[in-house]
Each structure stands twice: as structure tokens, then as C-alpha cells.
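S.K.: Provided below: my_file.pdb, containing PDB, C-alpha atoms.
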```pdb
ATOM      1  CA  MET A 869      46.411  96.889 196.696
ATOM      2  CA  GLN A 870      45.672  96.483 200.390
ATOM      3  CA  ASN A 871      42.581  94.769 201.687
ATOM      4  CA  PRO A 872      40.155  97.582 202.735
ATOM      5  CA  LEU A 873      39.211  95.601 205.858
ATOM      6  CA  SER A 874      42.751  95.148 207.139
ATOM      7  CA  ILE A 875      43.968  97.070 210.181
ATOM      8  CA  GLU A 876      46.936  98.457 208.225
ATOM      9  CA  TRP A 877      44.548  99.998 205.678
ATOM     10  CA  LYS A 878      42.459 101.653 208.397
ATOM     11  CA  GLU A 879      45.582 102.966 210.136
ATOM     12  CA  SER A 880      46.947 104.354 206.874
ATOM     13  CA  LEU A 881      43.769 106.462 206.562
ATOM     14  CA  ASN A 882      44.022 107.918 210.075
ATOM     15  CA  ILE A 883      44.860 111.582 210.226
ATOM     16  CA  SER A 884      47.375 112.523 212.869
ATOM     17  CA  SER A 885      45.891 114.106 215.983
ATOM     18  CA  SER A 886      47.786 117.358 215.346
ATOM     19  CA  LEU A 887      45.835 117.803 212.110
ATOM     20  CA  ARG A 888      42.511 116.628 213.507
ATOM     21  CA  ARG A 889      41.839 119.669 215.759
ATOM     22  CA  PRO A 890      42.249 122.381 213.095
ATOM     23  CA  LEU A 891      40.200 120.322 210.659
ATOM     24  CA  SER A 892      37.542 119.823 213.290
ATOM     25  CA  ARG A 893      37.349 123.576 213.874
ATOM     26  CA  SER A 894      37.237 124.238 210.125
ATOM     27  CA  TYR A 895      34.439 121.733 209.650
ATOM     28  CA  SER A 896      32.593 123.204 212.611
ATOM     29  CA  ALA A 897      32.854 126.719 211.157
ATOM     30  CA  LEU A 898      31.826 125.437 207.740
ATOM     31  CA  ARG A 899      28.867 123.612 209.279
ATOM     32  CA  ARG A 900      27.742 126.812 211.079
ATOM     33  CA  LEU A 901      28.109 128.829 207.868
ATOM     34  CA  LEU A 902      26.155 126.252 205.874
ATOM     35  CA  THR A 903      23.404 126.142 208.533
ATOM     36  CA  PHE A 904      23.156 129.937 208.479
ATOM     37  CA  ALA A 905      23.004 129.987 204.666
ATOM     38  CA  LEU A 906      20.254 127.355 204.618
ATOM     39  CA  LEU A 907      18.208 129.162 207.272
ATOM     40  CA  PHE A 908      18.634 132.482 205.481
ATOM     41  CA  SER A 909      17.559 130.913 202.173
ATOM     42  CA  PHE A 910      14.527 129.325 203.817
ATOM     43  CA  VAL A 911      13.440 132.578 205.478
ATOM     44  CA  PHE A 912      13.953 134.482 202.204
ATOM     45  CA  PHE A 913      11.914 131.890 200.266
ATOM     46  CA  VAL A 914       9.063 131.865 202.782
ATOM     47  CA  ASN A 915       9.004 135.655 202.901
ATOM     48  CA  SER A 916       8.909 136.006 199.114
ATOM     49  CA  ALA A 917       6.430 133.147 198.643
ATOM     50  CA  PHE A 918       3.928 134.634 201.050
ATOM     51  CA  ALA A 919       4.653 138.307 200.524
ATOM     52  CA  THR A 920       1.612 140.344 199.737
ATOM     53  CA  GLY A 921       1.333 143.662 198.014
ATOM     54  CA  THR A 922      -1.069 146.494 198.400
ATOM     55  CA  PRO A 923      -4.199 146.238 196.308
ATOM     56  CA  LYS A 924      -4.588 149.016 193.753
ATOM     57  CA  GLN A 925      -7.897 150.824 193.898
ATOM     58  CA  ILE A 926      -9.269 151.113 190.371
ATOM     59  CA  GLY A 927     -12.787 152.338 191.149
ATOM     60  CA  LYS A 928     -15.239 152.879 193.981
ATOM     61  CA  ASP A 929     -14.877 149.735 196.136
ATOM     62  CA  LEU A 930     -13.113 148.005 193.217
ATOM     63  CA  TYR A 931      -9.531 146.788 193.615
ATOM     64  CA  ALA A 932      -6.879 144.977 191.574
ATOM     65  CA  SER A 933      -4.574 142.454 193.174
ATOM     66  CA  ILE A 934      -1.595 142.636 190.832
ATOM     67  CA  ALA A 935       0.438 139.427 190.598
ATOM     68  CA  ASP A 936       4.168 139.702 191.230
ATOM     69  CA  ASN A 937       4.854 137.289 188.359
ATOM     70  CA  ASP A 938       3.971 137.785 184.699
ATOM     71  CA  ALA A 939       3.001 134.118 184.375
ATOM     72  CA  ILE A 940       0.155 134.532 186.868
ATOM     73  CA  ALA A 941      -3.179 136.241 186.262
ATOM     74  CA  ASN A 942      -4.170 139.311 188.242
ATOM     75  CA  SER A 943      -7.223 139.148 190.491
ATOM     76  CA  THR A 944      -9.874 141.797 190.970
ATOM     77  CA  PHE A 945     -12.269 142.199 193.867
ATOM     78  CA  LEU A 946     -15.345 144.261 194.538
ATOM     79  CA  VAL A 947     -16.315 145.131 198.100
ATOM     80  CA  GLY A 948     -20.102 145.243 198.477
ATOM     81  CA  ASN A 949     -22.372 145.989 201.432
ATOM     82  CA  ALA A 950     -22.705 142.368 202.523
ATOM     83  CA  GLY A 951     -19.666 140.667 201.046
ATOM     84  CA  ILE A 952     -16.885 140.535 198.507
ATOM     85  CA  LEU A 953     -16.818 139.271 194.920
ATOM     86  CA  VAL A 954     -13.452 138.069 193.560
ATOM     87  CA  VAL A 955     -12.690 137.717 189.845
ATOM     88  CA  ASP A 956     -10.011 135.081 189.116
ATOM     89  CA  SER A 957      -8.449 133.419 192.139
ATOM     90  CA  GLY A 958      -4.912 132.961 190.811
ATOM     91  CA  LEU A 959      -2.658 130.034 189.987
ATOM     92  CA  ASP A 960      -2.765 128.099 193.261
ATOM     93  CA  GLU A 961      -3.402 128.297 196.999
ATOM     94  CA  ILE A 962      -0.323 130.459 197.589
ATOM     95  CA  GLU A 963      -1.368 133.072 195.030
ATOM     96  CA  ALA A 964      -4.987 132.962 196.230
ATOM     97  CA  GLY A 965      -3.705 133.404 199.795
ATOM     98  CA  LYS A 966      -1.843 136.533 198.727
ATOM     99  CA  CYS A 967      -5.059 137.826 197.184
ATOM    100  CA  VAL A 968      -7.006 137.089 200.387
ATOM    101  CA  ALA A 969      -4.379 138.938 202.427
ATOM    102  CA  GLU A 970      -4.777 141.948 200.148
ATOM    103  CA  ILE A 971      -8.562 141.717 200.440
ATOM    104  CA  ARG A 972      -8.257 141.608 204.236
ATOM    105  CA  SER A 973      -6.153 144.785 204.152
ATOM    106  CA  VAL A 974      -9.234 146.510 202.695
ATOM    107  CA  SER A 975     -12.225 144.735 204.266
ATOM    108  CA  SER A 976     -13.162 142.036 206.755
ATOM    109  CA  LEU A 977     -16.454 141.254 204.999
ATOM    110  CA  PRO A 978     -16.888 137.622 203.932
ATOM    111  CA  ILE A 979     -15.838 136.590 200.445
ATOM    112  CA  ARG A 980     -19.150 135.413 198.978
ATOM    113  CA  TYR A 981     -18.389 134.845 195.273
ATOM    114  CA  VAL A 982     -15.440 133.903 193.082
ATOM    115  CA  VAL A 983     -15.887 134.343 189.339
ATOM    116  CA  SER A 984     -13.617 132.256 187.100
ATOM    117  CA  THR A 985     -13.380 134.026 183.756
ATOM    118  CA  HIS A 986     -12.089 130.914 181.991
ATOM    119  CA  TYR A 987     -10.530 127.517 182.602
ATOM    120  CA  HIS A 988      -6.811 128.395 182.534
ATOM    121  CA  LEU A 989      -5.169 127.342 185.773
ATOM    122  CA  ASP A 990      -3.703 130.783 186.494
ATOM    123  CA  HIS A 991      -7.265 132.158 186.623
ATOM    124  CA  GLN A 992      -8.961 129.476 188.743
ATOM    125  CA  GLY A 993      -6.250 127.354 190.377
ATOM    126  CA  GLY A 994      -6.775 128.980 193.779
ATOM    127  CA  ASN A 995     -10.566 128.486 193.879
ATOM    128  CA  LYS A 996     -10.429 125.700 196.453
ATOM    129  CA  ILE A 997      -9.304 127.985 199.285
ATOM    130  CA  PHE A 998     -12.502 130.006 198.936
ATOM    131  CA  LYS A 999     -14.827 126.989 199.279
ATOM    132  CA  PRO A1000     -17.248 126.247 200.908
ATOM    133  CA  GLU A1001     -17.840 129.818 202.121
ATOM    134  CA  ALA A1002     -17.828 131.341 198.625
ATOM    135  CA  SER A1003     -19.807 130.268 195.588
ATOM    136  CA  ILE A1004     -17.659 129.636 192.519
ATOM    137  CA  ILE A1005     -19.224 131.131 189.389
ATOM    138  CA  SER A1006     -18.231 130.265 185.830
ATOM    139  CA  LYS A1007     -19.756 129.406 182.483
ATOM    140  CA  GLY A1008     -20.799 125.810 181.965
ATOM    141  CA  TRP A1009     -18.074 125.251 179.388
ATOM    142  CA  THR A1010     -15.423 126.557 181.802
ATOM    143  CA  ARG A1011     -16.759 124.361 184.579
ATOM    144  CA  MET A1012     -16.767 121.250 182.369
ATOM    145  CA  ARG A1013     -13.284 122.033 181.082
ATOM    146  CA  THR A1014     -12.029 122.537 184.653
ATOM    147  CA  ILE A1015     -13.547 119.250 185.825
ATOM    148  CA  GLY A1016     -12.173 117.520 182.742
ATOM    149  CA  ASP A1017      -8.659 118.871 183.420
ATOM    150  CA  ALA A1018      -8.851 117.682 187.041
ATOM    151  CA  HIS A1019      -9.396 114.036 186.045
TER     152      HIS A1019
END
```
As C-alpha cells, how would this structure be written, given the file I've shared?
M.R.:
Amino acid sequence: MQNPLSIEWKESLNISSSLRRPLSRSYSALRRLLTFALLFSFVFFVNSAFATGTPKQIGKDLYASIADNDAIANSTFLVGNAGILVVDSGLDEIEAGKCVAEIRSVSSLPIRYVVSTHYHLDHQGGNKIFKPEASIISKGWTRMRTIGDAH
């Protein structure tokens, strides 16, 4: 076996110049294709991650923000005269952001209250994006369980 540091070894690995140009063009085309695929994937991911739906009106000034994933809780919001009450903020900031976008498609009133029905993360994981403007409302047990899960 040849010494990997020897000049003969390095020269034996050299590709002839006649082969180098076509390979260079192939690698360049492959690099452009890969870059395009990565950019397309990124744009698709961002678009789907932040896509918002249209809230479904289920009563007078009462709307449902239906999650696009069965593993995530739906949110409901009530538009009042002076502000908005939200029930269940969703799994995380992304889902809560989708809910806020849907709320903003209906009203520009401030979101004053967020009610967490229980401690499961998919119902109250997005609460932090509503603070400090909105008051978070829950039962004491839910609050203690949420604080306990955070530590």
C-alpha cells in the first residue's frame, strides 16, 4: 500500500483535465438543483407552519379556530364590545399565532382574556404570547398543575 502522503499517491488520485470540466458542470448543476430543492422545502415548511385558516362562526360574535392537526386542541373566541376572550390558546406559540391571525381577520379589538380549560399543553401551551396584555384565567388546580409541569 502506498503512503497517503507521497506525491505518487496524490498524483494517482488526480482526475485528468478532460474529465474535470464535465464533472465540474455536473456538480454545478447538482448544486443548483439541491439549492433549489432546499429553498423550496424551506418556503413550503414556513408557509405550512404559519398558514392560517378562516375562523368558523358558530354563534353571534362567537368563532371557532379549528386546528389543522388532530393532535392540537381547537380554540374558540368571543368578540365583545371592548375586547376579545379566547378559550384555549393551542399547543405552542406557532399555533397561538395562527389563532391570533384568525382573530385579527375578524376584529382588531384587544385580546383581554385567555381561558385555559385544563392543564394539557395543547390547550394552554400558547398562553405566553397573549401576556401581559391578556389575563390568563384557569382553575387553581389547572394553574398549579401548569406551574408544576413547567418546573
S.K.: Hey, what's within 10 Å of Lys999 in chain A if we count all atoms listed in the file and toss same-chain stuff fewer than 5 positions away? As a JSON list (two decimals) with C-alpha atoms, keeping the file's coordinate frame, please?
M.R.:
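Once written, selection20.json looks like this:
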```json
[["chain", "number", "residue", "atom", "x", "y", "z"],
["A", 979, "ILE", "CA", -15.84, 136.59, 200.44],
["A", 980, "ARG", "CA", -19.15, 135.41, 198.98],
["A", 981, "TYR", "CA", -18.39, 134.84, 195.27],
["A", 982, "VAL", "CA", -15.44, 133.90, 193.08],
["A", 994, "GLY", "CA", -6.78, 128.98, 193.78],
["A", 1004, "ILE", "CA", -17.66, 129.64, 192.52]]
```
S.K.: Running the PyMOL selection byres ((chain A and resi 944) around 6) on this model by hand, what would come out? Give it as a ChimeraX atom specification.
M.R.: /A:931-933,943,945,954-955
S.K.: I need the output of the PyMOL selection byres ((chain A and resi 963) around 10) for this file as a PDB file with C-alpha atoms, keeping the file's coordinate frame; which residues are they?
M.R.:
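The resulting out07.pdb:
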```pdb
ATOM      1  CA  ALA A 917       6.430 133.147 198.643  1.00  0.00           C
ATOM      2  CA  PHE A 918       3.928 134.634 201.050  1.00  0.00           C
ATOM      3  CA  ALA A 919       4.653 138.307 200.524  1.00  0.00           C
ATOM      4  CA  THR A 920       1.612 140.344 199.737  1.00  0.00           C
ATOM      5  CA  ALA A 935       0.438 139.427 190.598  1.00  0.00           C
ATOM      6  CA  ASP A 936       4.168 139.702 191.230  1.00  0.00           C
ATOM      7  CA  ILE A 940       0.155 134.532 186.868  1.00  0.00           C
ATOM      8  CA  ALA A 941      -3.179 136.241 186.262  1.00  0.00           C
ATOM      9  CA  ASN A 942      -4.170 139.311 188.242  1.00  0.00           C
ATOM     10  CA  SER A 943      -7.223 139.148 190.491  1.00  0.00           C
ATOM     11  CA  SER A 957      -8.449 133.419 192.139  1.00  0.00           C
ATOM     12  CA  GLY A 958      -4.912 132.961 190.811  1.00  0.00           C
ATOM     13  CA  LEU A 959      -2.658 130.034 189.987  1.00  0.00           C
ATOM     14  CA  ASP A 960      -2.765 128.099 193.261  1.00  0.00           C
ATOM     15  CA  GLU A 961      -3.402 128.297 196.999  1.00  0.00           C
ATOM     16  CA  ILE A 962      -0.323 130.459 197.589  1.00  0.00           C
ATOM     17  CA  ALA A 964      -4.987 132.962 196.230  1.00  0.00           C
ATOM     18  CA  GLY A 965      -3.705 133.404 199.795  1.00  0.00           C
ATOM     19  CA  LYS A 966      -1.843 136.533 198.727  1.00  0.00           C
ATOM     20  CA  CYS A 967      -5.059 137.826 197.184  1.00  0.00           C
ATOM     21  CA  VAL A 968      -7.006 137.089 200.387  1.00  0.00           C
ATOM     22  CA  ALA A 969      -4.379 138.938 202.427  1.00  0.00           C
ATOM     23  CA  ASP A 990      -3.703 130.783 186.494  1.00  0.00           C
ATOM     24  CA  GLY A 993      -6.250 127.354 190.377  1.00  0.00           C
ATOM     25  CA  GLY A 994      -6.775 128.980 193.779  1.00  0.00           C
TER      26      GLY A 994
END
```
S.K.: What is the CA of Asn937 in chain A-CA of His991 in chain A distance in Å, reported with one decimal?
M.R.: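 CA of His991 in chain A lies 13.3 Å from CA of Asn937 in chain A.
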S.K.: Given the PyMOL selection byres ((chain A and resi 950) around 10) and the file above, list the residues it selects as a PyMOL selection string.
M.R.: chain A and resi 947-949+951-952+977-980
S.K.: Once you have the residues from the selection above, write them out as a CSV table (one decimal), keeping the file's coordinate frame, restricted to C-alpha atoms.
M.R.:
```csv
chain,number,residue,atom,x,y,z
A,947,VAL,CA,-16.3,145.1,198.1
A,948,GLY,CA,-20.1,145.2,198.5
A,949,ASN,CA,-22.4,146.0,201.4
A,951,GLY,CA,-19.7,140.7,201.0
A,952,ILE,CA,-16.9,140.5,198.5
A,977,LEU,CA,-16.5,141.3,205.0
A,978,PRO,CA,-16.9,137.6,203.9
A,979,ILE,CA,-15.8,136.6,200.4
A,980,ARG,CA,-19.2,135.4,199.0
```
